[in-house]
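Containing PDB, C-alpha atoms: protein.pdb.
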ATOM      1  CA  MET A  17      -0.598 -19.362  -0.364
ATOM      2  CA  PHE A  18      -0.870 -19.010   3.380
ATOM      3  CA  LEU A  19       1.771 -18.203   5.961
ATOM      4  CA  GLN A  20       0.647 -19.377   9.398
ATOM      5  CA  ARG A  21       2.410 -18.453  12.626
ATOM      6  CA  ASN A  22       1.049 -18.547  16.190
ATOM      7  CA  GLY A  23      -2.556 -18.625  15.052
ATOM      8  CA  GLU A  24      -2.096 -15.824  12.522
ATOM      9  CA  GLN A  25      -2.900 -16.389   8.854
ATOM     10  CA  LEU A  26      -1.323 -14.254   6.140
ATOM     11  CA  TYR A  27      -2.333 -14.751   2.516
ATOM     12  CA  TYR A  28       0.202 -13.993  -0.217
ATOM     13  CA  GLU A  29       0.949 -14.745  -3.842
ATOM     14  CA  VAL A  30       4.337 -15.089  -5.519
ATOM     15  CA  HIS A  31       4.642 -14.305  -9.222
ATOM     16  CA  GLU A  32       7.903 -15.341 -10.829
ATOM     17  CA  GLY A  33       9.671 -12.545 -12.651
ATOM     18  CA  GLN A  34      11.646 -12.500 -15.868
ATOM     19  CA  LYS A  35      14.730 -10.544 -14.845
ATOM     20  CA  GLN A  36      17.303 -11.303 -12.178
ATOM     21  CA  ASN A  37      18.679  -8.357 -10.256
ATOM     22  CA  GLU A  38      21.661  -8.266  -7.937
ATOM     23  CA  ARG A  39      20.211  -5.353  -5.972
ATOM     24  CA  PHE A  40      16.847  -6.836  -4.955
ATOM     25  CA  ASP A  41      15.082 -10.190  -4.716
ATOM     26  CA  ALA A  42      11.491  -9.105  -5.287
ATOM     27  CA  VAL A  43       8.993  -6.292  -5.607
ATOM     28  CA  LEU A  44       6.559  -6.428  -2.695
ATOM     29  CA  LEU A  45       3.183  -4.770  -3.346
ATOM     30  CA  LEU A  46       1.166  -3.483  -0.358
ATOM     31  CA  HIS A  47      -2.465  -2.461  -0.901
ATOM     32  CA  SER A  48      -4.608   0.316   0.574
ATOM     33  CA  LEU A  49      -7.107   0.300   3.434
ATOM     34  CA  GLY A  50     -10.089  -2.009   2.977
ATOM     35  CA  VAL A  51      -9.135  -3.781  -0.243
ATOM     36  CA  ASP A  52      -6.779  -6.713  -0.861
ATOM     37  CA  HIS A  53      -3.988  -7.946  -3.153
ATOM     38  CA  ARG A  54      -6.223  -7.665  -6.228
ATOM     39  CA  LEU A  55      -5.723  -3.894  -6.177
ATOM     40  CA  TRP A  56      -2.412  -4.612  -7.947
ATOM     41  CA  ASN A  57      -3.836  -6.615 -10.863
ATOM     42  CA  TYR A  58      -2.672  -3.984 -13.359
ATOM     43  CA  GLN A  59       0.877  -3.824 -11.987
ATOM     44  CA  ILE A  60       1.937  -7.461 -11.619
ATOM     45  CA  GLU A  61       2.851  -8.154 -15.243
ATOM     46  CA  ALA A  62       4.764  -4.896 -15.639
ATOM     47  CA  CYS A  63       6.786  -5.610 -12.499
ATOM     48  CA  GLN A  64       7.430  -9.217 -13.543
ATOM     49  CA  GLN A  65       9.293  -7.996 -16.624
ATOM     50  CA  HIS A  66      11.806  -6.102 -14.480
ATOM     51  CA  ALA A  67      12.113  -8.096 -11.247
ATOM     52  CA  PRO A  68      13.095 -11.599 -10.084
ATOM     53  CA  LYS A  69       9.760 -12.004  -8.250
ATOM     54  CA  VAL A  70       6.605 -10.026  -7.528
ATOM     55  CA  VAL A  71       4.876 -10.672  -4.207
ATOM     56  CA  THR A  72       1.385  -9.499  -3.292
ATOM     57  CA  VAL A  73      -0.067  -9.904   0.178
ATOM     58  CA  ASP A  74      -3.349  -9.326   2.000
ATOM     59  CA  ALA A  75      -2.712  -7.140   5.048
ATOM     60  CA  ARG A  76      -3.935  -8.651   8.314
ATOM     61  CA  GLY A  77      -7.704  -8.459   8.534
ATOM     62  CA  HIS A  78      -8.009  -7.911   4.787
ATOM     63  CA  GLY A  79      -8.833 -10.432   2.090
ATOM     64  CA  GLN A  80      -7.876 -13.908   3.234
ATOM     65  CA  SER A  81      -5.551 -12.792   6.049
ATOM     66  CA  LYS A  82      -6.923 -13.141   9.565
ATOM     67  CA  PRO A  83      -5.927 -10.806  12.439
ATOM     68  CA  TYR A  84      -6.335 -13.093  15.430
ATOM     69  CA  SER A  85      -4.254 -10.789  17.639
ATOM     70  CA  GLY A  86      -5.572  -7.529  16.211
ATOM     71  CA  VAL A  87      -4.079  -4.835  14.021
ATOM     72  CA  ASP A  88      -1.412  -2.245  14.762
ATOM     73  CA  THR A  89       1.686  -0.838  13.096
ATOM     74  CA  GLU A  90       4.088  -3.155  14.911
ATOM     75  CA  LYS A  91       2.121  -6.205  13.749
ATOM     76  CA  TRP A  92       2.175  -4.908  10.178
ATOM     77  CA  THR A  93       5.957  -4.580  10.369
ATOM     78  CA  ASN A  94       6.331  -8.047  11.865
ATOM     79  CA  ASP A  95       4.097  -9.551   9.171
ATOM     80  CA  ILE A  96       6.269  -8.104   6.402
ATOM     81  CA  LYS A  97       9.470  -9.311   8.036
ATOM     82  CA  THR A  98       8.021 -12.791   8.637
ATOM     83  CA  LEU A  99       6.951 -13.000   4.997
ATOM     84  CA  CYS A 100      10.361 -11.880   3.742
ATOM     85  CA  ASP A 101      12.088 -14.457   5.949
ATOM     86  CA  GLU A 102       9.687 -17.195   4.847
ATOM     87  CA  LEU A 103      10.416 -16.472   1.178
ATOM     88  CA  SER A 104      14.166 -15.869   1.735
ATOM     89  CA  LEU A 105      13.871 -12.305   0.496
ATOM     90  CA  HIS A 106      16.919 -10.418   1.749
ATOM     91  CA  LYS A 107      16.340  -7.195  -0.189
ATOM     92  CA  VAL A 108      12.981  -5.991  -1.489
ATOM     93  CA  VAL A 109      11.592  -3.033  -3.355
ATOM     94  CA  ILE A 110       8.388  -2.183  -1.500
ATOM     95  CA  CYS A 111       5.613  -0.458  -3.417
ATOM     96  CA  GLY A 112       2.766   0.636  -1.154
ATOM     97  CA  ILE A 113      -0.298   2.726  -1.870
ATOM     98  CA  SER A 114      -2.108   4.732   0.818
ATOM     99  CA  MET A 115      -2.140   2.404   3.879
ATOM    100  CA  GLY A 116       0.415   0.254   2.062
ATOM    101  CA  GLY A 117       2.719   3.258   1.842
ATOM    102  CA  VAL A 118       2.389   3.776   5.584
ATOM    103  CA  GLN A 119       3.272   0.102   6.129
ATOM    104  CA  ALA A 120       6.258   0.425   3.781
ATOM    105  CA  LEU A 121       7.607   3.423   5.705
ATOM    106  CA  GLY A 122       7.190   1.663   9.046
ATOM    107  CA  PHE A 123       9.024  -1.402   7.792
ATOM    108  CA  ALA A 124      11.836   0.601   6.180
ATOM    109  CA  LEU A 125      12.421   2.519   9.401
ATOM    110  CA  LYS A 126      12.516  -0.597  11.586
ATOM    111  CA  HIS A 127      14.249  -3.002   9.181
ATOM    112  CA  PRO A 128      16.301  -0.866   6.763
ATOM    113  CA  ASP A 129      18.603  -3.751   5.839
ATOM    114  CA  TYR A 130      15.715  -5.518   4.091
ATOM    115  CA  VAL A 131      14.822  -2.580   1.852
ATOM    116  CA  ALA A 132      16.437  -1.835  -1.505
ATOM    117  CA  ALA A 133      14.030   0.952  -2.473
ATOM    118  CA  LEU A 134      10.570   2.347  -1.772
ATOM    119  CA  ILE A 135       7.674   3.401  -3.986
ATOM    120  CA  LEU A 136       5.088   5.364  -2.000
ATOM    121  CA  ALA A 137       1.851   6.113  -3.821
ATOM    122  CA  ASP A 138      -1.000   8.371  -2.649
ATOM    123  CA  SER A 139       0.238   8.061   0.894
ATOM    124  CA  PHE A 140       1.460  10.067   3.896
ATOM    125  CA  SER A 141       3.848   9.973   6.825
ATOM    126  CA  LYS A 142       1.677  11.933   9.251
ATOM    127  CA  ILE A 143      -1.832  13.318   9.594
ATOM    128  CA  ASP A 144      -2.506  16.404  11.670
ATOM    129  CA  PRO A 145      -3.306  14.956  15.122
ATOM    130  CA  ALA A 146      -6.360  17.196  15.301
ATOM    131  CA  GLN A 147      -7.720  15.462  12.190
ATOM    132  CA  VAL A 148      -7.068  11.827  13.142
ATOM    133  CA  GLU A 149     -10.407  11.164  14.834
ATOM    134  CA  THR A 150     -12.203  12.893  11.974
ATOM    135  CA  LYS A 151     -10.466  10.626   9.452
ATOM    136  CA  ILE A 152     -11.402   7.546  11.471
ATOM    137  CA  SER A 153     -14.984   8.758  11.764
ATOM    138  CA  MET A 154     -15.216   9.424   8.019
ATOM    139  CA  THR A 155     -14.039   5.886   7.223
ATOM    140  CA  ALA A 156     -14.663   3.321   9.969
ATOM    141  CA  GLY A 157     -17.376   5.457  11.552
ATOM    142  CA  VAL A 158     -19.334   5.716   8.314
ATOM    143  CA  ALA A 159     -18.763   2.008   7.667
ATOM    144  CA  LYS A 160     -20.341   1.198  11.026
ATOM    145  CA  GLU A 161     -23.373   3.346  10.217
ATOM    146  CA  GLN A 162     -23.868   2.024   6.691
ATOM    147  CA  GLY A 163     -22.642  -1.560   6.984
ATOM    148  CA  MET A 164     -19.695  -2.760   4.933
ATOM    149  CA  LYS A 165     -21.641  -3.585   1.762
ATOM    150  CA  ARG A 166     -23.246  -0.169   1.450
ATOM    151  CA  TYR A 167     -20.058   1.508   2.566
ATOM    152  CA  ALA A 168     -18.053  -0.344  -0.106
ATOM    153  CA  ASP A 169     -20.197   1.241  -2.820
ATOM    154  CA  SER A 170     -20.088   4.735  -1.355
ATOM    155  CA  TYR A 171     -16.328   4.508  -0.765
ATOM    156  CA  LEU A 172     -15.644   3.459  -4.354
ATOM    157  CA  ASP A 173     -18.004   6.139  -5.690
ATOM    158  CA  ASN A 174     -15.907   8.751  -3.894
ATOM    159  CA  THR A 175     -12.487   7.213  -4.548
ATOM    160  CA  LEU A 176     -12.267   5.863  -8.095
ATOM    161  CA  SER A 177     -12.084   7.974 -11.221
ATOM    162  CA  ASP A 178     -14.396   7.321 -14.165
ATOM    163  CA  SER A 179     -11.631   5.661 -16.198
ATOM    164  CA  PRO A 180     -12.349   2.326 -17.943
ATOM    165  CA  THR A 181      -9.586   0.600 -15.959
ATOM    166  CA  ALA A 182     -11.073   1.734 -12.647
ATOM    167  CA  ALA A 183     -14.525   0.573 -13.734
ATOM    168  CA  LYS A 184     -13.165  -2.817 -14.794
ATOM    169  CA  ILE A 185     -11.655  -3.586 -11.388
ATOM    170  CA  ARG A 186     -14.416  -2.026  -9.289
ATOM    171  CA  HIS A 187     -16.264  -5.290  -8.600
ATOM    172  CA  GLU A 188     -13.157  -6.971  -7.187
ATOM    173  CA  LEU A 189     -12.496  -3.983  -4.935
ATOM    174  CA  TYR A 190     -16.143  -4.025  -3.854
ATOM    175  CA  GLU A 191     -15.851  -7.703  -2.934
ATOM    176  CA  ALA A 192     -12.786  -6.997  -0.819
ATOM    177  CA  ILE A 193     -14.229  -4.023   1.060
ATOM    178  CA  SER A 194     -17.660  -5.516   1.620
ATOM    179  CA  SER A 195     -16.204  -8.712   3.122
ATOM    180  CA  ILE A 196     -13.788  -7.168   5.659
ATOM    181  CA  SER A 197     -14.993  -7.222   9.249
ATOM    182  CA  LEU A 198     -15.941  -3.892  10.763
ATOM    183  CA  GLU A 199     -13.577  -4.525  13.677
ATOM    184  CA  ALA A 200     -10.590  -5.195  11.426
ATOM    185  CA  TYR A 201     -11.424  -2.160   9.309
ATOM    186  CA  HIS A 202     -11.669   0.095  12.353
ATOM    187  CA  GLN A 203      -8.407  -1.185  13.851
ATOM    188  CA  SER A 204      -6.625  -0.782  10.512
ATOM    189  CA  ALA A 205      -7.961   2.757  10.029
ATOM    190  CA  ARG A 206      -6.837   3.792  13.516
ATOM    191  CA  ALA A 207      -3.391   2.260  13.060
ATOM    192  CA  CYS A 208      -2.980   3.897   9.660
ATOM    193  CA  PHE A 209      -4.190   7.396  10.481
ATOM    194  CA  SER A 210      -2.366   7.618  13.819
ATOM    195  CA  VAL A 211       1.176   7.175  12.492
ATOM    196  CA  ASP A 212       3.771   9.891  12.778
ATOM    197  CA  TYR A 213       6.914   9.046  10.815
ATOM    198  CA  GLU A 214       7.567  12.593   9.621
ATOM    199  CA  GLU A 215      10.619  13.383  11.755
ATOM    200  CA  GLN A 216      12.178   9.966  11.038
ATOM    201  CA  LEU A 217      12.075  10.204   7.250
ATOM    202  CA  MET A 218      15.589  11.615   6.998
ATOM    203  CA  ARG A 219      16.865   8.231   8.201
ATOM    204  CA  ILE A 220      15.747   6.572   4.965
ATOM    205  CA  LYS A 221      18.776   6.327   2.670
ATOM    206  CA  VAL A 222      17.508   4.078  -0.132
ATOM    207  CA  PRO A 223      16.079   5.336  -3.448
ATOM    208  CA  VAL A 224      12.491   6.522  -3.031
ATOM    209  CA  LEU A 225       9.830   7.314  -5.616
ATOM    210  CA  VAL A 226       6.749   9.209  -4.440
ATOM    211  CA  ILE A 227       3.687   8.996  -6.696
ATOM    212  CA  ILE A 228       0.525  11.068  -6.358
ATOM    213  CA  GLY A 229      -2.656  11.154  -8.423
ATOM    214  CA  GLU A 230      -3.143  14.710  -9.607
ATOM    215  CA  GLN A 231      -6.788  14.617  -8.472
ATOM    216  CA  ASP A 232      -6.212  12.819  -5.168
ATOM    217  CA  LEU A 233      -8.301  14.652  -2.565
ATOM    218  CA  LYS A 234      -7.947  11.997   0.154
ATOM    219  CA  THR A 235      -4.173  12.380   0.481
ATOM    220  CA  PRO A 236      -3.502  15.761  -1.140
ATOM    221  CA  LEU A 237      -0.284  16.708  -2.891
ATOM    222  CA  GLU A 238       1.196  18.414   0.162
ATOM    223  CA  MET A 239       1.295  15.066   1.993
ATOM    224  CA  SER A 240       3.430  13.569  -0.774
ATOM    225  CA  GLU A 241       5.565  16.704  -0.888
ATOM    226  CA  ALA A 242       6.195  16.375   2.852
ATOM    227  CA  ILE A 243       7.603  12.883   2.258
ATOM    228  CA  GLN A 244       9.645  13.879  -0.777
ATOM    229  CA  GLN A 245      11.167  16.894   0.959
ATOM    230  CA  ARG A 246      12.279  14.955   4.036
ATOM    231  CA  ILE A 247      13.782  11.868   2.371
ATOM    232  CA  PRO A 248      17.155  12.609   0.788
ATOM    233  CA  ASN A 249      17.032  12.535  -3.045
ATOM    234  CA  ALA A 250      13.431  11.246  -3.184
ATOM    235  CA  LEU A 251      11.638  11.765  -6.494
ATOM    236  CA  LEU A 252       8.040  12.986  -6.826
ATOM    237  CA  VAL A 253       5.822  12.384  -9.862
ATOM    238  CA  THR A 254       2.126  12.908 -10.547
ATOM    239  CA  VAL A 255      -0.328  10.629 -12.346
ATOM    240  CA  PRO A 256      -2.628  12.511 -14.751
ATOM    241  CA  ASN A 257      -6.323  11.790 -14.195
ATOM    242  CA  GLY A 258      -5.413   9.785 -11.120
ATOM    243  CA  MET A 259      -7.382  10.045  -7.913
ATOM    244  CA  HIS A 260      -6.602   8.270  -4.612
ATOM    245  CA  LEU A 261      -6.028   4.877  -6.241
ATOM    246  CA  SER A 262      -3.946   6.213  -9.095
ATOM    247  CA  ASN A 263      -2.629   2.734  -9.956
ATOM    248  CA  VAL A 264      -6.072   1.661 -11.185
ATOM    249  CA  ASP A 265      -7.258   5.065 -12.433
ATOM    250  CA  ASN A 266      -4.330   5.368 -14.844
ATOM    251  CA  PRO A 267      -2.245   2.179 -14.770
ATOM    252  CA  ALA A 268      -0.407   2.995 -18.002
ATOM    253  CA  VAL A 269       1.299   6.057 -16.517
ATOM    254  CA  PHE A 270       1.641   4.525 -13.048
ATOM    255  CA  ASN A 271       3.374   1.473 -14.515
ATOM    256  CA  LYS A 272       5.645   3.644 -16.639
ATOM    257  CA  TYR A 273       6.855   5.366 -13.491
ATOM    258  CA  ILE A 274       7.500   2.206 -11.476
ATOM    259  CA  VAL A 275       9.220   0.425 -14.374
ATOM    260  CA  GLY A 276      11.452   3.425 -14.986
ATOM    261  CA  PHE A 277      12.295   3.552 -11.289
ATOM    262  CA  LEU A 278      13.130  -0.160 -11.163
ATOM    263  CA  LYS A 279      15.551   0.348 -14.039
ATOM    264  CA  LEU A 280      17.288   3.159 -12.128
ATOM    265  CA  ILE A 281      17.797   1.334  -8.837
TER     266      ILE A 281
END

Write the structure described by the file as structure tokens, please.
Amino acid sequence: MFLQRNGEQLYYEVHEGQKQNERFDAVLLLHSLGVDHRLWNYQIEACQQHAPKVVTVDARGHGQSKPYSGVDTEKWTNDIKTLCDELSLHKVVICGISMGGVQALGFALKHPDYVAALILADSFSKIDPAQVETKISMTAGVAKEQGMKRYADSYLDNTLSDSPTAAKIRHELYEAISSISLEAYHQSARACFSVDYEEQLMRIKVPVLVIIGEQDLKTPLEMSEAIQQRIPNALLVTVPNGMHLSNVDNPAVFNKYIVGFLKLI
């Protein structure tokens, strides 16, 4: 389905759940840089069993969402709020991976009343300012040199594990990355890598689960530890054999964690 406002187009899908919950209306799944809502194919059914609704969305510039006014963190936050209002979602559990985790933090800090809990996977709240341009160069810069199709292959070669589940979903992730415009990818990378939420994390009072793939070299363990240590009572768990997209590398363990967390909220 499409949400259209002021020339913007946001693509989303709503999956009806099997369990009503007085504490939240839906689980909202936010994907990582370059891909789209299909990144969550392994999580939707598990979440449906423990939530009233499961909502997936293509971030602006990704998948079928169009960024007519560009990409930045404020626009990400506004998109999430607009979607929640459109669907009459008053309280959501937001599960974001990598860039999606950054978006989840930004939204929770600006609109805390909408958030029942957070799940932050393979993500971060701040990158060393001295490393920001390097990160942008290693992603959007390489994409510009190689072209998005070639870059999609090289990115997935360096990001996915060799698990059967990662291999099974690789083509869909390739389609998503290879079809994003270079401009949207560059703007999204800059917005993502430039955030600095670290000193604001103590303001987050809802339950938080931090998940990290034990072999994630793109957002190393210390980045997840920095989040967990600054958010009161946040939990930190690791996904065995998981790399940067631990939800597709080892969905069985990833899903066990999120289902257990949903039961605790």

*asked:* If we count only C-alpha atoms and set the cut-off at 10 Å, which residues sit around segment 76-93 of chain A, ignoring sequence neighbours fewer than 5 positions away in its own chain? Please answer as a count of residues only.
replied: 50

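Here the PyMOL selection byres ((chain A and resi 114) around 6) captures the residues Ser48, Ile113, Met115, Gly116, Gly117, Asp138 and Ser139 of chain A.
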
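The neighbours of segment 30-44 of chain A here are the residues that come within 6 Å of it, using all atoms listed in the file and leaving out any residue fewer than 6 positions away in the same chain; they are Gln64, Gln65, His66, Ala67, Pro68, Lys69, Val70, Val71, Leu105, Lys107, Val108, Val109 and Ile110 of chain A.
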
Once you count only C-alpha atoms, what closest atom pair and distance in Å to one decimal does each residue of segment 158-186 of chain A within 10 Å of segment 225-237 of chain A have, with rows by chain and rising residue number, as a tab-separated table?
residue	atom	partner	partner_atom	distance
A:Asn174	CA	A:Lys234	CA	9.5
A:Thr175	CA	A:Lys234	CA	8.1
A:Leu176	CA	A:Asp232	CA	9.7
A:Ser177	CA	A:Gln231	CA	8.9

*Any idea what the distance is between atom CA of Ile143 of chain A and atom CA of Phe209 of chain A?*
6.4 Å

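Here atom CA of Leu45 of chain A and atom CA of Ser170 of chain A stand 25.2 Å from one another.
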
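Ranking A:Cys111, A:Leu261, A:Asp95, A:His106 by their shortest atom-to-atom distance to Leu46 of chain A, with all atoms listed in the file included, puts A:Cys111 first.
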
_Residues matched by the PyMOL selection byres ((chain A and resi 270) around 10) as a PyMOL selection string_ = chain A and resi 58-59+137+227-229+253-256+258+262-269+271-275

*Give as a ChimeraX atom specification the residues that the PyMOL selection byres ((chain A and resi 244) around 10) matches when applied to the coordinates above.*
/A:136,217,224-227,238-243,245-253

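If you look at atom CA of Arg219 of chain A and atom CA of Ala133 of chain A, they are 13.2 Å away from each other.
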
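Closest to Glu215 of chain A among A:Ser141, A:Thr72, A:Asn57, A:Asn94 is A:Ser141, based on only C-alpha atoms.
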
C-alpha atoms of segment 186-245 of chain A, written as a compact mmCIF listing (two decimals), in the first residue's frame:
# COMPACT_ATOMS: atom_id res chain seq x y z
CA ARG A 186 20.11 -12.84 -1.31
CA HIS A 187 18.39 -12.30 -4.67
CA GLU A 188 15.65 -10.16 -3.13
CA LEU A 189 18.23 -8.05 -1.31
CA TYR A 190 20.21 -7.74 -4.54
CA GLU A 191 17.11 -6.50 -6.35
CA ALA A 192 16.53 -3.86 -3.69
CA ILE A 193 20.09 -2.55 -3.59
CA SER A 194 20.65 -2.59 -7.33
CA SER A 195 17.46 -0.58 -7.99
CA ILE A 196 17.99 2.27 -5.48
CA SER A 197 19.17 5.53 -7.00
CA LEU A 198 22.72 6.56 -6.25
CA GLU A 199 21.50 9.94 -4.99
CA ALA A 200 19.04 8.40 -2.53
CA TYR A 201 21.67 5.93 -1.35
CA HIS A 202 24.23 8.68 -0.78
CA GLN A 203 21.76 10.90 1.09
CA SER A 204 20.63 7.97 3.24
CA ALA A 205 24.22 6.96 4.04
CA ARG A 206 25.13 10.51 5.06
CA ALA A 207 22.02 10.88 7.22
CA CYS A 208 22.62 7.52 8.88
CA PHE A 209 26.34 7.81 9.59
CA SER A 210 26.18 11.42 10.79
CA VAL A 211 23.80 10.88 13.71
CA ASP A 212 24.84 11.48 17.28
CA TYR A 213 22.21 10.27 19.74
CA GLU A 214 24.68 8.96 22.31
CA GLU A 215 24.19 11.61 25.01
CA GLN A 216 20.38 11.48 24.62
CA LEU A 217 19.99 7.75 25.16
CA MET A 218 19.38 8.11 28.89
CA ARG A 219 16.07 9.80 28.02
CA ILE A 220 14.68 6.54 26.65
CA LYS A 221 12.55 4.93 29.37
CA VAL A 222 10.81 2.11 27.50
CA PRO A 223 12.02 -1.51 27.40
CA VAL A 224 14.90 -1.92 24.95
CA LEU A 225 16.47 -5.05 23.48
CA VAL A 226 19.83 -4.67 21.73
CA ILE A 227 20.80 -7.48 19.34
CA ILE A 228 24.20 -7.95 17.73
CA GLY A 229 25.52 -10.62 15.38
CA GLU A 230 28.57 -12.14 16.99
CA GLN A 231 30.52 -11.77 13.73
CA ASP A 232 29.27 -8.29 12.83
CA LEU A 233 32.32 -6.31 11.69
CA LYS A 234 30.36 -3.38 10.23
CA THR A 235 28.84 -2.33 13.56
CA PRO A 236 31.09 -4.03 16.11
CA LEU A 237 29.98 -5.16 19.55
CA GLU A 238 31.20 -2.01 21.28
CA MET A 239 28.63 0.05 19.36
CA SER A 240 25.81 -2.10 20.74
CA GLU A 241 27.38 -2.02 24.19
CA ALA A 242 27.42 1.79 24.05
CA ILE A 243 23.65 1.76 23.48
CA GLN A 244 22.95 -0.86 26.12
CA GLN A 245 25.04 0.91 28.75
